[in-house]
Amino acid sequence: MSYRAPVEDILFAMRHAAGLDQGIESGLFADLADDMAEAVLEEAAKFAESRIAPLNRTGDKETSRLVDGKVITPKGFKEAYADWAAGGWAGVAAEPDFGGQGLPVLLNIGCTELWNAANLAFALNPLLTMGAVEALTAHGSEHLKSTYLAKLISGEWTGTMNLTEPQAGSDLALLTSRAERNGDGTYRIFGQKIFITYGDHDLTENIVHLVLARLPDAPPGTRGISLFVVPKFIPKADGSPGEANDVRCHALEHKLGIHASPTATMIYGDKGGAIGWLVGEENKGLACMFTMMNNARLAVGVQGVAVADRAYQQALAYAQDRKQGKAVGAANASPIIAHPDVKRMLLEMRSKTAAARAICLVTAAGLDGYHRLEGAASKAAHEEASLLTPVAKGFSTDIGIEVASLGVQIHGGMGFVEETGAAQHYRDARILAIYEGTNGIQAIDLVMRKLPLSNGACVRGVLARYAKTVEATRAINHPAFARIGQRLGEGLAALTRTTEYMLANLASKSNDVLAGATPYARLFGLVAGGAYLADQALAAHAGLGAGETDPRHAMRIEDARFFAENLVTAAGGLETTILEGAESVNAAYETAAE
């Protein structure tokens, strides 16, 4: 089915969960005044719906191919990418000094959802390029910035992230790719990288690889990793692509999903070494790469939202059309949407998608606060964005998989065959919980590194704001809000108790904390998502009271209530698992570490 970009839902979440209106009033988002956000999203929606979405199924079937050493993307991708880049979409949030528009991350994340919902395999390419832009902007030398940023921001060139190696996986301490100094400020890079998204393709005239490697005298482990820019073609003095570098695509992976996205095995240094330039300082490349990875983690979370929304749209249309069984009181076969269990699945899909979207947009607004505010306000915004990033990535990508799976279920047998397209959403979504640090790694990051920020003051401040939302729902004389307040309050109480448990035991019982990290991250996501949905429900209720006739207001209240009554209710069980389940985990496989 065709894709409909949910511009109104994104804008509403921006306004009432992520604070767009307050940001415009305070000056934080002054550049989004006069309906600027709506205008940009509407244009992005047109392109997503008309140019990218039609390539989703055809690209999945055709796939990207390696032919005679060259990667060929599916029909239509090259032309669509050229028009996407010509529209300036690669530079929405990039620095104006290098051709970017300098607009808020919040707006760019809204656009990112549209690109990925329309065609996840297509949108992976610009997603990584934006991360490369951020890394070079933050850590690149003036030479690297002047050579690469304008080309990347314009979309003329694309960027990649080269971390993983066959023996390393997520453990970057095991990297063996090596770098040798040339004595002229350049380096020669040797090694193999795997799972490199868009490591090679035919969309642009050059590809800029960001590659982790070790110098001969580097200290062991992650303290000895450096980051290098290694272009496919070495730029000439005039900035155009010149001599081919010593880097090649050896093979493309045959994957469960995202078939149109070329996932490459890259070889560096077959013919004497690929020429690279250092980013940042020697042996401090991981910090530079994490700038790119943190950008990508939020963007991957948004990909989960995007696939979820696409799967929901398709499932809703099918449920409205497919007739099977008689609903209670019906004389004839009913559309399956009339059956309570199908209603339940659709509400779960819709509310989970809305909750995950809100978490990602709130995180993006925090990044804007970090970049645009000063002093203590900037620090606080940065810490909140840092706290929420692993939640945004982990919870939202889990949601993407769960919602896509429900979409298959609603289609029944027709969902399990490729004809309807429901299976593609499920296949495509599955990688997202693995990308950019698995969701288990995100949970570990949340409890071990992010909860202790400012000695726990950051997370306690976030929970205090959720408590205000609970109080606001309880203050409304309306049955739906009473139930939202009750269940969300219970969930928040469970999250508060487990947060204090985590903070108190990080050092003394670290294995117990690690055993409970994933259920804790899930609990955090449920309460955060419930709170942001409640914020939107409160705004919808106020709008209805003011005479607004937007039919989506009733749906927003439905979403918040369903989420609180049917999903946040898992909080009690998760709390028990977090507080009492560690022994059963840690006692198992006792010889595994030997």
# chains A, B, ... in the order shown; residues from 1 in each chain; ligands from 1

call {"tool": "residues_around", "arguments": {"residues": "Tyr312 of chain A", "least_positions_apart": "4", "cutoff": "9 Å", "atoms": "only C-alpha atoms", "output": "list in words"}}
result
Val307, Ala308, Leu316, Ala317, Leu346, Met349, Arg350, Thr353, Val403, Ala404, Leu406 and Gly407 of chain A

call {"tool": "residues_around", "arguments": {"residues": "Ala542 of chain A", "least_positions_apart": "2", "cutoff": "12 Å", "atoms": "only C-alpha atoms", "output": "number ranges by chain"}}
result
A: 16, 472-473, 476, 535-540, 544-550, 553-554, 556-557

call {"tool": "residues_around", "arguments": {"residues": "Gly257 of chain A", "least_positions_apart": "3", "cutoff": "9 Å", "atoms": "only C-alpha atoms", "output": "list in words"}}
result
Asp60, Ala121, His254, Ala260, Ser261, Gln424, His425, Tyr426, Arg427, Asp428, Ala429, Arg430 and Ile431 of chain A

call {"tool": "select_by_dssp", "arguments": {"residues": "segment 105-151 of chain A", "states": "alpha helix (DSSP H)", "output": "VMD selection string"}}
result
chain A and resid 105 to 118 120 to 139 142 to 144 150 to 151

call {"tool": "residues_around", "arguments": {"residues": "segment 283-294 of chain A", "least_positions_apart": "4", "cutoff": "7 Å", "atoms": "only C-alpha atoms", "output": "ChimeraX atom specification"}}
result
/A:131-132,134-135,139,212,218,223-227,298,436

call {"tool": "write_last_selection", "arguments": {"atoms": "C-alpha atoms", "output": "mmCIF file, in the first residue's frame"}}
result
data_model
loop_
_atom_site.group_PDB
_atom_site.id
_atom_site.type_symbol
_atom_site.label_atom_id
_atom_site.label_comp_id
_atom_site.auth_asym_id
_atom_site.auth_seq_id
_atom_site.Cartn_x
_atom_site.Cartn_y
_atom_site.Cartn_z
ATOM 1 C CA GLY A 131 26.872 11.099 11.379
ATOM 2 C CA ALA A 132 30.129 11.549 9.483
ATOM 3 C CA GLU A 134 28.886 15.584 12.872
ATOM 4 C CA ALA A 135 32.117 13.726 13.661
ATOM 5 C CA HIS A 139 36.863 16.676 15.613
ATOM 6 C CA LEU A 212 39.165 2.851 13.175
ATOM 7 C CA ALA A 218 49.456 2.289 20.305
ATOM 8 C CA ARG A 223 42.950 3.346 24.508
ATOM 9 C CA GLY A 224 44.965 2.571 21.394
ATOM 10 C CA ILE A 225 42.418 3.218 18.664
ATOM 11 C CA SER A 226 42.723 6.076 16.173
ATOM 12 C CA LEU A 227 40.193 7.381 13.650
ATOM 13 C CA LEU A 298 19.219 8.333 18.031
ATOM 14 C CA GLU A 436 25.098 0.872 16.686
#

call {"tool": "select_by_dssp", "arguments": {"residues": "segment 242-358 of chain A", "states": "strand (DSSP E or B)", "output": "MDAnalysis selection string"}}
result
chainID A and resid 242:244 247:252 263:268 274:279 284 323 335

call {"tool": "write_last_selection", "arguments": {"atoms": "C-alpha atoms", "output": "tab-separated table (two decimals), in the first residue's frame"}}
result
chain	number	residue	atom	x	y	z
A	242	GLY	CA	41.24	12.00	-8.13
A	243	GLU	CA	43.28	8.81	-7.88
A	244	ALA	CA	41.53	5.67	-6.62
A	247	VAL	CA	40.24	0.36	-0.71
A	248	ARG	CA	37.74	-2.01	-2.26
A	249	CYS	CA	34.47	-3.81	-1.62
A	250	HIS	CA	35.23	-7.51	-1.37
A	251	ALA	CA	31.67	-8.79	-0.97
A	252	LEU	CA	28.09	-7.84	-0.10
A	263	THR	CA	26.23	-4.06	3.37
A	264	ALA	CA	29.85	-4.49	2.43
A	265	THR	CA	33.01	-6.27	3.48
A	266	MET	CA	35.73	-3.68	2.90
A	267	ILE	CA	39.42	-4.38	2.32
A	268	TYR	CA	42.05	-1.69	2.98
A	274	ALA	CA	45.05	3.03	1.72
A	275	ILE	CA	45.86	6.69	2.29
A	276	GLY	CA	44.14	8.16	5.34
A	277	TRP	CA	44.11	11.33	7.39
A	278	LEU	CA	43.88	11.41	11.17
A	279	VAL	CA	40.69	12.70	12.81
A	284	LYS	CA	41.84	8.96	20.85
A	323	LYS	CA	-13.80	-9.52	6.35
A	335	PRO	CA	-14.15	-6.43	8.91

call {"tool": "atom_distance", "arguments": {"atom1": "atom CA of Phe233 of chain A", "atom2": "atom CA of Thr63 of chain A"}}
result
25.0 Å

call {"tool": "closest_residue", "arguments": {"among": "A:Gly239, A:Pro262, A:Gly87, A:Gly273", "to": "Ile189 of chain A", "atoms": "only C-alpha atoms"}}
result
A:Gly273

call {"tool": "atom_distance", "arguments": {"atom1": "atom CA of Ala494 of chain A", "atom2": "atom CA of Val459 of chain A"}}
result
14.1 Å

call {"tool": "residues_around", "arguments": {"residues": "Leu120 of chain A", "least_positions_apart": "4", "cutoff": "7 Å", "atoms": "only C-alpha atoms", "output": "ChimeraX atom specification"}}
result
/A:116,124,258

call {"tool": "residues_around", "arguments": {"residues": "Val342 of chain A", "least_positions_apart": "4", "cutoff": "8 Å", "atoms": "only C-alpha atoms", "output": "list in words"}}
result
Ala319, Ile336, Ile337, Ala338, Leu346 and Ile410 of chain A

call {"tool": "write_last_selection", "arguments": {"atoms": "C-alpha atoms", "output": "PDB file, in the first residue's frame"}}
result
ATOM      1  CA  ALA A 319      -7.989  -4.752   9.027  1.00  0.00           C
ATOM      2  CA  ILE A 336     -11.583  -7.888  11.287  1.00  0.00           C
ATOM      3  CA  ILE A 337     -11.100  -4.467  12.882  1.00  0.00           C
ATOM      4  CA  ALA A 338     -14.481  -5.064  14.568  1.00  0.00           C
ATOM      5  CA  LEU A 346      -3.882  -2.119  16.391  1.00  0.00           C
ATOM      6  CA  ILE A 410      -3.011  -8.979  11.720  1.00  0.00           C
TER       7      ILE A 410
END

call {"tool": "atom_distance", "arguments": {"atom1": "atom CA of Gly23 of chain A", "atom2": "atom CA of Ala521 of chain A"}}
result
28.2 Å
